[in-house]
Amino acid sequence: MRSRVALCALALLCLHSSVFGQVVDVQPGVLIFCDDPSVEKAVSSAVTKFNGKLTSGHTLALFQILTASKSENGANSVYSLQFTTRRSDCLAEDRKPWSDCNYLPYGHKAPISCNATVNMSDTEADTKQVDCLVDHVTPDKAPCLGCPREIDENSEDIRVPLSASISKYNSMSTHTHLFTLNNLGPVTQQVVAGLRYKMSFDMRKTKCAKAEHKDLNELCVLDGEKAEFVTCNSIVDVAPWRFENPEVQLECADGEMPVSFSRRRPPGWSPLRSILRETPPSFKKPTAAPPVAPSAASPKKESSEEDNTGSKHTPPTAAAEELKKNPFHCPSKPWKPWSPVEPPPPGAPTQASTTATAAPPADGQA
């Protein structure tokens with residue numbers, strides 16, 4: 001009986017050795033920094049491996065690293081990665097390294113999600129698996145070409161049609177004083193022969209009398225003694241490439257816009273910009289300020305600041321707060337900034353059409 005038990009135990013021991021002795025001991029993964037050079041090397045290998053499988057279209061370029069974990073597999077390390085990519089301006093058939101490409105400026109605004117498993121040694125990165133949802137499109141609804149779309153209240157596109165609407169009201173109304181913007185409601189933009197804007201807004205009376213002021217200016221402050229409001233619905237057709245003034249259709253009535261429809265005034269918007277003199281912003285190089293001669297009180301003030309430095313509580317910096325929220329620097333900073341470009345609306349002239357319609361040479365000239 002004992003011999004049989006011993007033989008069974010020996011058989012089980014041999015079976016355990018033969019089966020489990022071949023299993024590689026992979027330690028559970030631990031999170032690592034998304035901006036670690038080894039993580040960036042692993043992600044680069046994964047993007048390159050995925051692009052190598054493409055036979056047509058545009059390749060992908062890294063956008064952000066979302067998460068990274070590392071586990072040990074014998075002498076090598078196994079990296080599990082989640083990251084996002086964007087379409088690049090390089091074609092798959094060119095076999096150009098993705099790091100030499102730029103992002104495609106148009107297309108889907110949402111980045112493409114990817115995940116990968118990469119074996120890392122001291123010298124090489126070997127991508128075992130990589131998947132990217134290149135065909136995964138999740139729009140709220142199919143785009144409708146030529147349909148009105150709501151645009152953001154902070155968009156620069158609103159300035160011209162809004163200025164034209166206010167200017168037209170002040171020129172056609174029977175009020176004795178000029179009115180200026182109070183609140184802005186929903187605004188939509190539609191591609192027609194040009195661009196059509198539909199908007200709702202209300203205005204408030206200023207202290208500028210029409211007899212003294214032709215247009216709104218910096219002196220036209222709100223009339224605090226007697227608040228008068230006007231609410232308007234406006235349709236404005238704009239085609240700046242034709243160098244024509246906006247065409248404004250305006251319907252207005254006395255009273256303030258209902259709160260449920262109103263939004264705040266666009267920051268930085270100024271009613272002083274007439275549509276006829278609207279110019280793009282210019283950026284001037286700042287000039288150095290003239291040196292200020294030190295006064296006798298300066299050393300005393302500097303000394304006072306030094307004495308009080310130790311007693312003041314230093315608030316946490318933005319970097320410290322960010323580190324507290326994302327201790328592993330995840331997600332990483334974008335590889336490159338992405339600046340989407342909207343395709344030109346139908347009817348807008350292109351460089352080719354401008355060249356084709358150039359004036360013919362005068363008679364006798366080649």
# chains A, B, ... in the order shown; residues from 1 in each chain; ligands from 1

call {"tool": "residues_around", "arguments": {"residues": "range 96-99 of chain A", "least_positions_apart": "2", "cutoff": "12 Å", "atoms": "only C-alpha atoms", "output": "CSV table (one decimal) with N, CA and C atoms, in the first residue's frame"}}
result
chain,number,residue,atom,x,y,z
A,40,GLU,N,8.5,56.0,-24.4
A,40,GLU,CA,8.5,56.6,-25.7
A,40,GLU,C,9.1,55.8,-26.8
A,41,LYS,N,10.1,55.0,-26.5
A,41,LYS,CA,10.8,54.1,-27.5
A,41,LYS,C,9.8,53.0,-27.8
A,43,VAL,N,6.5,53.0,-27.6
A,43,VAL,CA,5.3,53.5,-28.3
A,43,VAL,C,5.8,53.8,-29.8
A,44,SER,N,6.9,54.3,-30.0
A,44,SER,CA,7.4,54.5,-31.3
A,44,SER,C,7.5,53.2,-32.1
A,45,SER,N,8.0,52.2,-31.4
A,45,SER,CA,8.0,50.9,-32.1
A,45,SER,C,6.6,50.4,-32.5
A,46,ALA,N,5.6,50.6,-31.6
A,46,ALA,CA,4.3,50.2,-31.9
A,46,ALA,C,3.7,50.9,-33.1
A,47,VAL,N,3.9,52.3,-33.1
A,47,VAL,CA,3.4,53.1,-34.2
A,47,VAL,C,4.0,52.6,-35.5
A,48,THR,N,5.3,52.4,-35.5
A,48,THR,CA,6.0,52.0,-36.7
A,48,THR,C,5.5,50.6,-37.2
A,49,LYS,N,5.3,49.7,-36.2
A,49,LYS,CA,4.8,48.4,-36.6
A,49,LYS,C,3.4,48.5,-37.2
A,50,PHE,N,2.5,49.3,-36.7
A,50,PHE,CA,1.2,49.5,-37.2
A,50,PHE,C,1.2,50.1,-38.6
A,51,ASN,N,2.0,51.1,-38.8
A,51,ASN,CA,2.1,51.7,-40.1
A,51,ASN,C,2.7,50.8,-41.2
A,52,GLY,N,3.5,49.8,-40.7
A,52,GLY,CA,4.1,48.8,-41.6
A,52,GLY,C,3.0,47.9,-42.2
A,58,HIS,N,-3.1,57.3,-45.5
A,58,HIS,CA,-2.1,58.1,-44.7
A,58,HIS,C,-1.7,57.3,-43.4
A,59,THR,N,-0.5,57.4,-43.1
A,59,THR,CA,0.0,56.7,-41.9
A,59,THR,C,-0.4,57.4,-40.6
A,60,LEU,N,-0.1,56.8,-39.5
A,60,LEU,CA,-0.4,57.4,-38.2
A,60,LEU,C,0.8,58.0,-37.6
A,61,ALA,N,0.6,59.0,-36.7
A,61,ALA,CA,1.7,59.7,-35.9
A,61,ALA,C,1.2,59.8,-34.5
A,62,LEU,N,2.1,59.6,-33.6
A,62,LEU,CA,1.7,59.6,-32.1
A,62,LEU,C,1.2,61.0,-31.8
A,63,PHE,N,0.1,60.9,-30.9
A,63,PHE,CA,-0.4,62.2,-30.4
A,63,PHE,C,-0.1,62.2,-28.9
A,85,THR,N,-3.3,58.4,-31.5
A,85,THR,CA,-2.6,58.8,-32.7
A,85,THR,C,-3.5,59.7,-33.5
A,86,ARG,N,-2.9,60.3,-34.6
A,86,ARG,CA,-3.6,61.1,-35.6
A,86,ARG,C,-3.1,60.8,-36.9
A,87,ARG,N,-4.0,61.0,-37.9
A,87,ARG,CA,-3.5,60.8,-39.3
A,87,ARG,C,-2.4,61.8,-39.6
A,88,SER,N,-1.4,61.3,-40.3
A,88,SER,CA,-0.3,62.1,-40.7
A,88,SER,C,-0.4,62.5,-42.2
A,89,ASP,N,0.5,63.4,-42.6
A,89,ASP,CA,0.5,63.8,-44.0
A,89,ASP,C,1.4,63.0,-44.9
A,90,CYS,N,1.9,61.8,-44.3
A,90,CYS,CA,2.7,60.9,-45.0
A,90,CYS,C,1.9,59.7,-45.6
A,91,LEU,N,2.1,59.3,-46.8
A,91,LEU,CA,1.4,58.2,-47.4
A,91,LEU,C,2.1,56.9,-47.0
A,92,ALA,N,1.2,55.8,-46.9
A,92,ALA,CA,1.7,54.5,-46.5
A,92,ALA,C,2.8,54.0,-47.5
A,93,GLU,N,2.6,54.2,-48.8
A,93,GLU,CA,3.5,53.7,-49.8
A,93,GLU,C,4.9,54.3,-49.8
A,94,ASP,N,5.0,55.5,-49.1
A,94,ASP,CA,6.3,56.2,-49.1
A,94,ASP,C,7.2,55.6,-48.0
A,101,CYS,N,6.9,63.1,-40.1
A,101,CYS,CA,5.7,63.6,-40.6
A,101,CYS,C,5.0,64.6,-39.7
A,102,ASN,N,4.0,65.3,-40.3
A,102,ASN,CA,3.2,66.2,-39.5
A,102,ASN,C,1.8,65.7,-39.5
A,103,TYR,N,0.9,66.2,-38.6
A,103,TYR,CA,-0.4,65.8,-38.6
A,103,TYR,C,-1.2,66.3,-39.8
A,335,TRP,N,2.6,65.0,-28.8
A,335,TRP,CA,3.9,65.0,-29.5
A,335,TRP,C,4.1,66.3,-30.3
A,336,LYS,N,3.1,66.8,-30.9
A,336,LYS,CA,3.1,68.0,-31.7
A,336,LYS,C,1.7,68.7,-31.5

call {"tool": "select_by_dssp", "arguments": {"residues": "range 106-255 of chain A", "states": "helix (DSSP H, G or I)", "output": "list of chain:residue names"}}
result
A:Glu156, A:Asp157, A:Ile158, A:Arg159, A:Val160, A:Pro161, A:Leu162, A:Ser163, A:Ala164, A:Ser165, A:Ile166, A:Ser167, A:Lys168, A:Tyr169, A:Asn170, A:Ser171, A:Met172, A:Pro240, A:Trp241, A:Arg242

call {"tool": "closest_residue", "arguments": {"among": "A:Ser38, A:Gln189, A:Ser165, A:Ser171", "to": "Tyr79 in chain A", "atoms": "only C-alpha atoms"}}
result
A:Ser38

call {"tool": "atom_distance", "arguments": {"atom1": "CA of Lys109 in chain A", "atom2": "CA of Ile158 in chain A"}}
result
21.9 Å

call {"tool": "closest_residue", "arguments": {"among": "A:Val118, A:Val192, A:Val187, A:Leu178", "to": "Ala211 in chain A", "atoms": "only C-alpha atoms"}}
result
A:Leu178

call {"tool": "closest_residue", "arguments": {"among": "A:Ile112, A:Leu81, A:Ser71, A:Asp131", "to": "Lys53 in chain A", "atoms": "only C-alpha atoms"}}
result
A:Asp131

call {"tool": "atom_distance", "arguments": {"atom1": "CA of Arg204 in chain A", "atom2": "CA of Glu256 in chain A"}}
result
8.4 Å

call {"tool": "closest_residue", "arguments": {"among": "A:Ser77, A:Ser173, A:Asn119, A:Ser163", "to": "Asp254 in chain A", "atoms": "only C-alpha atoms"}}
result
A:Ser173

call {"tool": "closest_atom_pairs", "arguments": {"of": "range 175-230 of chain A", "to": "range 142-154 of chain A", "cutoff": "10 Å", "atoms": "only C-alpha atoms", "output": "tab-separated table"}}
result
residue	atom	partner	partner_atom	distance
A:Leu184	CA	A:Glu153	CA	7.8
A:Gly185	CA	A:Glu153	CA	8.4
A:Pro186	CA	A:Glu150	CA	7.2
A:Val187	CA	A:Glu150	CA	5.7
A:Thr188	CA	A:Glu150	CA	4.1
A:Gln189	CA	A:Pro148	CA	5.3
A:Gln190	CA	A:Pro148	CA	4.3
A:Val191	CA	A:Gly146	CA	5.2
A:Val192	CA	A:Gly146	CA	6.7
A:Leu195	CA	A:Gly146	CA	9.9
A:Arg196	CA	A:Pro148	CA	8.5
A:Tyr197	CA	A:Pro148	CA	8.6
A:Lys198	CA	A:Pro148	CA	8.8
A:Met199	CA	A:Glu150	CA	9.8

call {"tool": "atom_distance", "arguments": {"atom1": "CA of Glu225 in chain A", "atom2": "CA of Thr176 in chain A"}}
result
15.4 Å

call {"tool": "residues_around", "arguments": {"residues": "Leu162 in chain A", "least_positions_apart": "6", "cutoff": "9 Å", "atoms": "only C-alpha atoms", "output": "list in words"}}
result
Leu181, Met199, Phe201, Ser234, Val236 and Pro271 of chain A

call {"tool": "write_last_selection", "arguments": {"atoms": "N, CA and C atoms", "output": "PDB file, in the first residue's frame"}}
result
ATOM      1  N   LEU A 181     -24.353  96.152 -27.671  1.00  0.00           N
ATOM      2  CA  LEU A 181     -24.651  94.761 -27.344  1.00  0.00           C
ATOM      3  C   LEU A 181     -24.786  94.561 -25.833  1.00  0.00           C
ATOM      4  N   MET A 199     -28.678  84.798 -35.889  1.00  0.00           N
ATOM      5  CA  MET A 199     -28.367  85.037 -34.481  1.00  0.00           C
ATOM      6  C   MET A 199     -29.484  85.811 -33.806  1.00  0.00           C
ATOM      7  N   PHE A 201     -29.938  88.368 -30.327  1.00  0.00           N
ATOM      8  CA  PHE A 201     -29.183  89.140 -29.346  1.00  0.00           C
ATOM      9  C   PHE A 201     -30.062  90.290 -28.864  1.00  0.00           C
ATOM     10  N   SER A 234     -31.405  88.337 -36.385  1.00  0.00           N
ATOM     11  CA  SER A 234     -30.678  88.842 -37.542  1.00  0.00           C
ATOM     12  C   SER A 234     -30.242  87.702 -38.449  1.00  0.00           C
ATOM     13  N   VAL A 236     -27.521  87.372 -41.585  1.00  0.00           N
ATOM     14  CA  VAL A 236     -26.441  88.125 -42.238  1.00  0.00           C
ATOM     15  C   VAL A 236     -25.737  87.220 -43.239  1.00  0.00           C
ATOM     16  N   PRO A 271     -17.898  96.800 -29.817  1.00  0.00           N
ATOM     17  CA  PRO A 271     -18.793  97.347 -30.843  1.00  0.00           C
ATOM     18  C   PRO A 271     -18.170  98.486 -31.620  1.00  0.00           C
TER      19      PRO A 271
END

call {"tool": "residues_around", "arguments": {"residues": "Val230 in chain A", "least_positions_apart": "2", "cutoff": "10 Å", "atoms": "only C-alpha atoms", "output": "list in words"}}
result
Tyr169, Phe179, Thr180, Leu181, Asn182, Phe201, Asp202, Met203, Arg204, Lys205, Glu228, Cys232, Cys252, Ala253, Asp254, Gly255, Glu256 and Met257 of chain A

call {"tool": "closest_residue", "arguments": {"among": "A:Cys208, A:Val221, A:Ala239, A:Ile166", "to": "Gly194 in chain A", "atoms": "only C-alpha atoms"}}
result
A:Ala239
